[in-house]
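Participant: Next up, my_file14.csv (CSV, C-alpha atoms and all ligand atoms).
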```csv
chain,number,residue,atom,x,y,z
A,16,MET,CA,167.7,147.9,211.4
A,17,LYS,CA,168.6,144.3,212.0
A,18,THR,CA,168.1,142.0,209.0
A,19,GLU,CA,166.9,138.5,209.8
A,20,TYR,CA,168.3,136.0,207.3
A,21,ILE,CA,166.3,132.8,206.9
A,22,LEU,CA,167.6,129.8,205.0
A,23,LEU,CA,164.5,128.1,203.7
A,24,SER,CA,164.1,124.4,204.1
A,25,ASP,CA,161.2,122.0,204.5
A,26,GLY,CA,158.5,123.1,206.8
A,27,ASN,CA,159.2,126.8,207.2
A,28,ASP,CA,155.6,127.6,208.1
A,29,GLU,CA,156.4,129.9,210.9
A,30,ALA,CA,158.9,131.9,208.7
A,31,TYR,CA,156.3,132.4,206.0
A,32,ASP,CA,153.7,133.5,208.5
A,33,ARG,CA,156.0,136.1,209.9
A,34,ALA,CA,157.2,137.3,206.5
A,35,GLY,CA,153.5,137.6,205.3
A,36,ARG,CA,152.8,139.7,208.4
A,37,ILE,CA,155.7,142.0,207.8
A,38,LEU,CA,154.4,142.5,204.2
A,39,ARG,CA,150.8,143.2,205.3
A,40,GLU,CA,152.0,145.6,207.9
A,41,GLY,CA,154.0,147.7,205.4
A,42,GLY,CA,157.5,146.2,205.8
A,43,LEU,CA,159.8,144.7,203.2
A,44,VAL,CA,160.9,141.1,202.6
A,45,ALA,CA,163.4,139.9,200.0
A,46,PHE,CA,162.5,136.6,198.5
A,47,PRO,CA,163.7,134.1,195.8
A,48,THR,CA,162.1,133.7,192.4
A,49,GLU,CA,163.0,131.6,189.5
A,50,THR,CA,164.5,134.6,187.7
A,51,VAL,CA,166.3,136.8,190.3
A,52,TYR,CA,165.6,137.7,193.9
A,53,GLY,CA,162.8,140.3,194.6
A,54,LEU,CA,162.5,143.0,197.2
A,55,GLY,CA,158.8,142.8,198.1
A,56,GLY,CA,156.3,145.2,199.7
A,57,ASN,CA,152.5,145.3,199.9
A,58,ALA,CA,151.4,146.6,196.5
A,59,TYR,CA,148.4,148.4,197.9
A,60,ASP,CA,150.5,150.4,200.4
A,61,PRO,CA,152.2,153.6,198.9
A,62,THR,CA,154.6,153.8,201.9
A,63,ALA,CA,155.9,150.3,201.2
A,64,ALA,CA,156.7,151.4,197.6
A,65,GLU,CA,158.6,154.4,199.0
A,66,LYS,CA,160.6,152.1,201.3
A,67,ILE,CA,161.5,149.9,198.3
A,68,PHE,CA,162.8,152.9,196.3
A,69,ALA,CA,164.8,154.1,199.4
A,70,ALA,CA,166.4,150.7,200.1
A,71,LYS,CA,167.4,150.3,196.5
A,72,GLY,CA,168.4,153.9,195.9
A,73,ARG,CA,166.2,153.7,192.9
A,74,PRO,CA,164.6,156.6,191.0
A,75,SER,CA,160.9,156.6,191.8
A,76,ASP,CA,159.8,157.0,188.2
A,77,ASN,CA,160.9,153.4,187.5
A,78,PRO,CA,157.7,151.3,188.1
A,79,LEU,CA,157.6,148.1,190.1
A,80,ILE,CA,156.2,144.7,189.1
A,81,VAL,CA,153.2,143.4,191.1
A,82,HIS,CA,153.5,139.7,191.9
A,83,VAL,CA,150.5,137.3,192.3
A,84,ALA,CA,150.2,133.7,193.4
A,85,ARG,CA,147.7,132.9,190.7
A,86,PRO,CA,147.1,134.7,187.3
A,87,GLU,CA,143.4,135.5,188.1
A,88,GLU,CA,144.4,137.5,191.3
A,89,ALA,CA,145.4,140.3,188.9
A,90,GLU,CA,141.6,141.0,188.4
A,91,ALA,CA,141.7,142.8,191.7
A,92,PHE,CA,144.0,145.6,190.5
A,93,ALA,CA,144.4,145.3,186.7
A,94,VAL,CA,142.1,145.3,183.7
A,95,THR,CA,142.7,141.9,182.1
A,96,ASN,CA,141.6,140.5,178.8
A,97,SER,CA,141.5,137.2,176.8
A,98,THR,CA,145.1,137.6,175.5
A,99,TYR,CA,146.3,137.9,179.1
A,100,TYR,CA,144.6,134.6,180.0
A,101,LYS,CA,145.9,132.9,176.9
A,102,LEU,CA,149.4,133.9,177.8
A,103,ALA,CA,148.8,133.0,181.4
A,104,GLU,CA,147.7,129.5,180.4
A,105,CYS,CA,151.0,128.9,178.6
A,106,PHE,CA,153.6,130.8,180.6
A,107,MET,CA,152.2,131.3,184.2
A,108,PRO,CA,153.4,130.6,186.7
A,109,GLY,CA,156.7,131.5,185.1
A,110,PRO,CA,159.1,134.2,184.0
A,111,LEU,CA,156.6,136.4,182.0
A,112,THR,CA,155.5,139.9,183.0
A,113,VAL,CA,152.5,141.5,181.3
A,114,ILE,CA,151.7,145.2,181.3
A,115,LEU,CA,147.9,145.9,181.8
A,116,PRO,CA,145.8,149.0,182.6
A,117,LYS,CA,145.8,149.5,186.3
A,118,ARG,CA,142.8,149.9,188.7
A,119,GLU,CA,142.5,152.6,191.3
A,120,VAL,CA,143.7,150.4,194.2
A,121,ILE,CA,147.3,150.4,193.0
A,122,PRO,CA,149.0,153.6,194.2
A,123,LYS,CA,150.8,155.6,191.5
A,124,SER,CA,154.0,155.3,193.6
A,125,VAL,CA,154.0,151.6,192.6
A,126,THR,CA,153.7,152.3,188.9
A,127,GLY,CA,156.0,155.3,188.7
A,128,GLY,CA,153.0,157.6,187.9
A,129,LEU,CA,151.9,155.4,184.9
A,130,ASN,CA,148.3,154.3,184.3
A,131,THR,CA,149.4,150.7,183.7
A,132,VAL,CA,150.7,148.0,186.0
A,133,ALA,CA,153.1,145.1,185.4
A,134,VAL,CA,151.8,141.7,186.5
A,135,ARG,CA,153.9,138.6,187.1
A,136,CYS,CA,153.1,135.2,188.6
A,137,PRO,CA,156.4,133.6,189.6
A,138,SER,CA,156.9,129.8,189.6
A,139,HIS,CA,159.3,129.6,192.6
A,140,PRO,CA,157.4,127.8,195.4
A,141,ALA,CA,158.8,130.1,198.0
A,142,ALA,CA,157.7,133.2,196.2
A,143,ARG,CA,154.2,131.7,195.8
A,144,ARG,CA,154.0,130.7,199.5
A,145,LEU,CA,155.1,134.2,200.5
A,146,ILE,CA,152.5,135.9,198.4
A,147,GLU,CA,149.8,133.6,199.7
A,148,ALA,CA,151.0,134.2,203.3
A,149,ALA,CA,150.9,138.0,202.7
A,150,GLY,CA,147.3,137.8,201.4
A,151,VAL,CA,148.0,140.9,199.2
A,152,PRO,CA,149.7,141.3,195.9
A,153,VAL,CA,153.4,141.9,196.3
A,154,ALA,CA,155.2,144.8,194.5
A,155,ALA,CA,158.8,143.8,193.9
A,156,PRO,CA,161.7,145.0,191.9
A,157,SER,CA,164.9,143.0,191.8
A,158,ALA,CA,166.5,143.1,195.3
A,159,ASN,CA,169.8,144.8,194.3
A,160,ILE,CA,171.1,148.3,195.0
A,161,SER,CA,170.0,150.3,191.9
A,162,GLY,CA,172.7,150.0,189.1
A,163,LYS,CA,174.2,146.7,190.5
A,164,PRO,CA,173.6,143.3,188.9
A,165,SER,CA,170.3,141.7,190.0
A,166,PRO,CA,170.9,139.2,192.9
A,167,THR,CA,170.7,135.5,192.0
A,168,SER,CA,171.5,134.2,195.5
A,169,GLY,CA,170.5,135.1,199.1
A,170,ARG,CA,174.1,136.1,199.7
A,171,HIS,CA,173.9,138.7,196.9
A,172,VAL,CA,170.8,140.2,198.6
A,173,LEU,CA,172.5,140.2,202.0
A,174,ASP,CA,175.5,142.1,200.4
A,175,ASP,CA,173.1,144.8,199.1
A,176,MET,CA,170.3,144.9,201.7
A,177,ASN,CA,171.9,144.1,205.1
A,178,GLY,CA,170.7,146.6,207.7
A,179,LYS,CA,168.1,148.1,205.3
A,180,ILE,CA,165.2,145.6,205.5
A,181,PRO,CA,163.8,143.4,208.2
A,182,MET,CA,163.9,140.0,206.5
A,183,ILE,CA,165.7,138.0,203.7
A,184,LEU,CA,164.4,134.6,202.6
A,185,ASP,CA,167.2,132.5,201.1
A,186,GLY,CA,165.8,129.8,198.7
A,187,GLY,CA,169.1,128.9,196.9
A,188,GLU,CA,170.4,130.0,193.6
A,189,SER,CA,167.9,131.5,191.1
A,190,ALA,CA,167.4,128.9,188.3
A,191,ILE,CA,167.2,131.3,185.4
A,192,GLY,CA,169.4,134.2,186.5
A,193,VAL,CA,168.0,137.0,184.4
A,194,GLU,CA,164.8,138.9,185.0
A,195,SER,CA,161.4,138.0,183.4
A,196,THR,CA,160.4,138.9,179.9
A,197,VAL,CA,158.3,142.1,180.0
A,198,ILE,CA,155.6,142.5,177.4
A,199,ARG,CA,153.0,145.1,176.4
A,200,LEU,CA,149.8,143.8,174.7
A,201,GLU,CA,148.9,145.2,171.3
A,202,SER,CA,145.7,144.8,169.3
A,203,ASP,CA,147.5,142.3,167.0
A,204,GLY,CA,150.0,140.7,169.4
A,205,CYS,CA,152.6,142.0,171.9
A,206,THR,CA,155.8,144.0,172.2
A,207,ILE,CA,158.8,142.8,174.2
A,208,LEU,CA,159.9,145.7,176.4
A,209,ARG,CA,162.5,143.6,178.2
A,210,PRO,CA,163.7,140.2,176.9
A,211,GLY,CA,164.0,137.2,179.2
A,212,GLU,CA,163.9,133.4,179.2
A,213,ILE,CA,160.6,133.4,177.4
A,214,THR,CA,161.5,134.3,173.8
A,215,ALA,CA,159.7,135.9,170.9
A,216,ARG,CA,159.5,132.5,169.2
A,217,GLU,CA,157.7,131.0,172.2
A,218,LEU,CA,155.3,134.0,172.4
A,219,LEU,CA,154.5,133.5,168.7
A,220,GLY,CA,152.9,130.2,169.6
A,221,VAL,CA,150.2,132.2,171.5
A,222,VAL,CA,149.9,135.7,169.9
A,223,GLU,CA,150.0,136.5,166.2
A,224,ASN,CA,152.7,139.1,166.1
A,225,VAL,CA,155.6,139.8,168.4
A,226,TYR,CA,157.5,143.1,168.2
A,227,VAL,CA,160.7,144.1,170.0
A,228,ALA,CA,161.1,147.6,171.4
A,229,ASP,CA,164.1,149.4,169.9
A,230,ALA,CA,165.6,150.0,173.3
A,231,VAL,CA,166.1,146.2,173.8
A,232,THR,CA,169.1,146.1,171.4
A,233,ASP,CA,170.0,149.8,171.4
A,234,PRO,CA,170.4,151.4,174.8
A,235,SER,CA,170.6,154.9,173.2
A,236,ALA,CA,166.9,154.4,172.1
A,237,ALA,CA,166.0,154.3,175.7
A,238,GLY,CA,166.4,158.0,176.1
A,239,GLU,CA,163.6,160.6,176.7
A,240,ASN,CA,160.4,158.6,176.8
A,241,PRO,CA,161.2,154.9,176.8
A,242,GLU,CA,158.3,152.5,176.7
A,243,SER,CA,159.6,150.7,179.8
A,244,PRO,CA,161.2,153.3,182.1
A,245,GLY,CA,163.7,150.7,183.5
A,246,MET,CA,165.5,150.6,180.1
A,247,LYS,CA,166.9,154.1,180.3
A,248,TYR,CA,169.0,153.5,183.4
A,249,ARG,CA,172.6,152.2,183.4
A,250,HIS,CA,172.4,148.7,184.8
A,251,TYR,CA,174.5,145.8,186.0
A,252,ALA,CA,177.8,147.6,185.6
A,253,PRO,CA,180.8,146.1,187.3
A,254,ARG,CA,183.4,148.5,188.7
A,255,ALA,CA,186.1,147.6,186.1
A,256,ARG,CA,185.6,148.4,182.5
A,257,LEU,CA,183.7,145.7,180.7
A,258,VAL,CA,184.5,145.4,177.0
A,259,LEU,CA,182.5,143.2,174.6
A,260,VAL,CA,184.4,141.7,171.7
A,261,GLY,CA,182.8,140.4,168.5
A,262,GLY,CA,184.4,138.0,166.1
A,263,SER,CA,185.7,134.4,166.0
A,264,ASP,CA,186.8,132.6,169.2
A,265,SER,CA,190.4,132.5,168.0
A,266,ALA,CA,190.4,136.3,167.2
A,267,PHE,CA,188.9,136.9,170.6
A,268,ALA,CA,191.6,134.8,172.4
A,269,GLU,CA,194.3,136.6,170.4
A,270,TYR,CA,192.9,140.0,171.3
A,271,VAL,CA,192.6,139.1,175.0
A,272,ASN,CA,196.1,137.6,175.2
A,273,SER,CA,197.7,140.7,173.7
A,274,TYR,CA,196.4,142.8,176.5
A,275,GLU,CA,199.3,143.8,178.8
A,276,GLY,CA,197.5,145.0,181.9
A,277,LYS,CA,195.5,143.1,184.6
A,278,CYS,CA,192.5,141.6,182.8
A,279,ALA,CA,189.8,139.1,183.4
A,280,VAL,CA,187.9,137.2,180.8
A,281,LEU,CA,184.4,135.7,180.8
A,282,ALA,CA,185.3,132.7,178.7
A,283,TYR,CA,183.1,130.0,177.2
A,284,THR,CA,183.6,126.6,178.9
A,285,GLU,CA,184.9,125.1,175.7
A,286,ASN,CA,187.8,127.4,175.3
A,287,LYS,CA,188.6,128.6,178.8
A,288,ASN,CA,192.1,127.1,178.6
A,289,GLU,CA,193.1,129.4,175.7
A,290,TYR,CA,193.8,132.5,177.7
A,291,ASN,CA,196.8,133.6,179.6
A,292,CYS,CA,195.2,136.3,181.7
A,293,ALA,CA,195.3,136.1,185.5
A,294,CYS,CA,191.5,135.6,186.0
A,295,ILE,CA,189.5,133.3,183.8
A,296,LEU,CA,185.8,133.1,184.7
A,297,ASP,CA,183.6,130.3,183.2
A,298,ALA,CA,180.6,132.0,181.4
A,299,GLY,CA,179.0,128.7,180.5
A,300,SER,CA,178.9,126.6,177.3
A,301,LYS,CA,179.1,128.6,174.1
A,302,ARG,CA,176.0,126.7,172.9
A,303,SER,CA,173.9,127.2,176.0
A,304,PRO,CA,172.2,130.6,176.4
A,305,GLU,CA,170.6,129.1,179.5
A,306,GLU,CA,173.9,128.5,181.2
A,307,GLN,CA,175.2,131.9,180.2
A,308,MET,CA,172.1,133.6,181.5
A,309,HIS,CA,172.3,131.6,184.7
A,310,ASN,CA,175.9,132.7,185.3
A,311,LEU,CA,176.0,136.3,184.1
A,312,PHE,CA,174.9,138.4,187.0
A,313,SER,CA,176.8,136.3,189.5
A,314,LEU,CA,180.0,136.7,187.4
A,315,LEU,CA,179.6,140.4,187.2
A,316,ARG,CA,179.5,140.5,191.0
A,317,THR,CA,182.6,138.3,191.1
A,318,CYS,CA,184.3,140.8,188.8
A,319,ASP,CA,184.0,143.4,191.6
A,320,GLU,CA,185.9,141.1,194.0
A,321,ILE,CA,189.0,140.5,191.9
A,322,ASP,CA,191.8,142.8,191.1
A,323,CYS,CA,191.6,143.7,187.4
A,324,ASP,CA,191.3,146.9,185.4
A,325,ILE,CA,189.4,145.4,182.4
A,326,ILE,CA,187.1,142.5,181.8
A,327,PHE,CA,186.7,141.0,178.3
A,328,ALA,CA,183.6,139.1,177.2
A,329,HIS,CA,182.2,137.7,174.0
A,330,LEU,CA,179.5,139.7,172.3
A,331,PRO,CA,176.5,137.4,172.2
A,332,PRO,CA,174.6,137.0,169.0
A,333,LYS,CA,171.5,139.2,168.6
A,334,THR,CA,169.3,136.2,167.9
A,335,ASP,CA,166.1,135.3,169.6
A,336,GLU,CA,167.4,132.8,172.2
A,337,TYR,CA,170.4,135.0,173.1
A,338,LEU,CA,168.4,138.3,173.2
A,339,ALA,CA,168.1,138.5,177.0
A,340,LEU,CA,171.8,137.9,177.4
A,341,TYR,CA,172.6,140.5,174.7
A,342,ASN,CA,170.3,143.1,176.2
A,343,ARG,CA,171.9,142.7,179.7
A,344,ILE,CA,175.5,142.5,178.7
A,345,ILE,CA,175.5,145.5,176.4
A,346,ARG,CA,174.1,147.6,179.3
A,347,ALA,CA,176.7,146.2,181.7
A,348,ALA,CA,179.4,147.2,179.2
A,349,GLY,CA,177.9,150.7,178.7
A,350,ASN,CA,177.7,149.7,175.1
A,351,GLU,CA,181.5,149.4,174.7
A,352,ILE,CA,181.8,146.9,171.8
A,353,ILE,CA,184.9,146.0,169.7
A,354,ASN,CA,184.3,144.2,166.5
A,355,LEU,CA,187.2,142.0,165.2
A,356,GLY,CA,185.2,140.8,162.1
A,357,GLU,CA,185.1,137.1,161.3
B,1,LIG,O1,162.0,138.7,187.0
B,1,LIG,C1,161.6,139.8,187.4
B,1,LIG,O2,160.8,140.5,186.7
B,1,LIG,C2,162.1,140.3,188.7
B,1,LIG,C3,161.6,139.4,189.8
B,1,LIG,C4,161.9,139.9,191.2
B,1,LIG,O3,160.2,139.2,189.6
B,1,LIG,N1,161.7,141.7,188.9
B,1,LIG,C5,162.3,142.7,188.3
B,1,LIG,O4,161.8,143.9,188.6
B,1,LIG,O5,163.1,142.6,187.4
B,1,LIG,P1,162.5,145.3,188.2
B,1,LIG,O6,161.8,146.3,189.0
B,1,LIG,O7,163.9,145.2,188.5
B,1,LIG,O8,162.2,145.5,186.7
B,1,LIG,C6,160.9,145.9,186.3
B,1,LIG,C7,160.9,146.2,184.8
B,1,LIG,C8,161.5,147.6,184.6
B,1,LIG,O9,162.3,147.6,183.4
B,1,LIG,C9,160.3,148.5,184.5
B,1,LIG,O10,160.6,149.6,183.8
B,1,LIG,C10,159.3,147.6,183.8
B,1,LIG,O11,159.5,146.3,184.4
B,1,LIG,N2,157.9,148.0,184.2
B,1,LIG,C11,157.3,147.9,185.3
B,1,LIG,N3,156.0,148.4,185.3
B,1,LIG,C12,155.9,148.9,184.0
B,1,LIG,C13,154.8,149.5,183.3
B,1,LIG,N4,153.7,149.8,183.9
B,1,LIG,N5,155.0,149.8,182.0
B,1,LIG,C14,156.2,149.5,181.4
B,1,LIG,N6,157.2,148.9,182.0
B,1,LIG,C15,157.1,148.6,183.3
B,2,MG,MG,166.0,145.5,188.4
```
Written as structure tokens, how would this file's structure read?

Facilitator:
Amino acid sequence: MKTEYILLSDGNDEAYDRAGRILREGGLVAFPTETVYGLGGNAYDPTAAEKIFAAKGRPSDNPLIVHVARPEEAEAFAVTNSTYYKLAECFMPGPLTVILPKREVIPKSVTGGLNTVAVRCPSHPAARRLIEAAGVPVAAPSANISGKPSPTSGRHVLDDMNGKIPMILDGGESAIGVESTVIRLESDGCTILRPGEITARELLGVVENVYVADAVTDPSAAGENPESPGMKYRHYAPRARLVLVGGSDSAFAEYVNSYEGKCAVLAYTENKNEYNCACILDAGSKRSPEEQMHNLFSLLRTCDEIDCDIIFAHLPPKTDEYLALYNRIIRAAGNEIINLGE
């Protein structure tokens, strides 16, 4: 299949019309969102879901997120409630995904056999225009080959999907860089199944209690029957071994500099001059979880292009604002952590 690659700019009406038609007719379109790029298909069409799983090489028990242009559009396929609308008022459009009971119209192939459906209303204008042009809700996982880091640029999508899908819309770099916060509603609040830019502290402004699923910080808890099926799969792993190192910045530098093979380091901007390894990649400011989230997936892809046998990175704190980063990077490292103490 030939893949059409469209660089979005002002006045792309014709491209959105065609992309919308492809979706309505059962084809796939990759598109930008504020978190990562998505691989979209018509959420009402079971064969579109099958095409998504095939293009990604993804196990079909891992459910897809259904994207809407406005929060109330979820009524057509999900059972909403007042908590959903309270959350929508604060965080939608934006990087929040809410799990709700599904209605009949959503095929089980979209939800991996579950009776619930994940709903998200992205804030990226291109994503919203595409959903409107399609006229149907858009089921979309991240647009990467299963197991690779989620794409944060059109180029990443092209690397993974060229020849497999009819169209890629390139809307520039994803602003956030990690996927949305996924939550399940509880009678007294909500549970974070996957952390993202919207943190527990922010959610606490809207619901009374926020719980965090064990699998968020402990990949081994995502075994047999994980609450969010996506958490049990190995994710984001670069080809070379990625090792997370906990401890002070100086202990980290000493440890990295004592390594004798070919290594790369994901260094904080503040101390990137302290290493003597061949490849030093700027992970962002030590004090900015936003910068580090923005850079992470792109850097993990860069790691596959350089010649190294090991990559060292700081172990992020497990605190609220770093939780999404912690969750992604421990998976990328296959939970390989070395603690140097303070
Ligand atoms: O930011 C995002 O959420 C991106 C963009 C494209 O919107 N999408 C994304 O989709 O990350 P995906 O498929 O890569 O991740 C979906 C996550 C998985 O961890 C999956 O298990 C969980 O959401 N999920 C989906 N439906 C669910 C459901 N019904 N119950 C529990 N978890 C669900
Ligand atoms: Mg994904």

Participant: List the residues sitting within 12 Å of (146.0, 129.0, 199.1) in the file's frame, using all atoms listed in the file, as a ChimeraX atom specification.

Facilitator: /A:83-85,88,143-150

Participant: Contacts between segment 346-351 of chain A and segment 223-312 of chain A, please, where a residue of segment 223-312 of chain A counts if it comes within 7 Å (with only C-alpha atoms); show its shortest atom pair and distance in Å to one decimal, rows by chain and ascending number, as JSON lines.

Facilitator:
```
{"residue": "A:Pro234", "atom": "CA", "partner": "A:Arg346", "partner_atom": "CA", "distance": 7.0}
{"residue": "A:Arg249", "atom": "CA", "partner": "A:Arg346", "partner_atom": "CA", "distance": 6.3}
{"residue": "A:His250", "atom": "CA", "partner": "A:Arg346", "partner_atom": "CA", "distance": 5.9}
{"residue": "A:Tyr251", "atom": "CA", "partner": "A:Ala347", "partner_atom": "CA", "distance": 4.8}
{"residue": "A:Ala252", "atom": "CA", "partner": "A:Ala347", "partner_atom": "CA", "distance": 4.3}
{"residue": "A:Pro253", "atom": "CA", "partner": "A:Ala347", "partner_atom": "CA", "distance": 6.9}
{"residue": "A:Leu257", "atom": "CA", "partner": "A:Ala348", "partner_atom": "CA", "distance": 4.8}
{"residue": "A:Val258", "atom": "CA", "partner": "A:Glu351", "partner_atom": "CA", "distance": 5.5}
{"residue": "A:Leu259", "atom": "CA", "partner": "A:Glu351", "partner_atom": "CA", "distance": 6.3}
```

Participant: Segment 169-183 of chain A: which residues within 10 Å, counting only C-alpha atoms, same-chain residues fewer than 6 positions away excluded, as a count of residues only?

Facilitator: 37

Participant: At what distance in Å, to one decimal, does atom CA of Val221 of chain A lie from atom CA of Cys105 of chain A?

Facilitator: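 Separation between atom CA of Cys105 of chain A and atom CA of Val221 of chain A: 7.9 Å.
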
Participant: To one decimal in Å, tell me the separation between atom CA of Ile345 of chain A and atom CA of Ala230 of chain A.

Facilitator: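 A separation of 11.3 Å between them.
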
Participant: Show me the residues around (151.2, 144.8, 201.8) - criterion: an atom at most 7 Å away, only C-alpha atoms counted - as a VMD selection string.

Facilitator: chain A and resid 38 to 41 56 to 60 149 151 153

Participant: Can you tell me which residues surround Arg254 of chain A at a distance of at most 10 Å, considering all atoms listed in the file, apart from same-chain residues fewer than 5 positions away, and format the answer as a VMD selection string?

Facilitator: chain A and resid 163 315 to 316 318 to 320 323 to 326 347

Participant: When you draw a straight line from atom CA of Glu285 of chain A to atom CA of Ser300 of chain A, how long is it in Å?

Facilitator: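 Distance reported for this atom pair: 6.4 Å.
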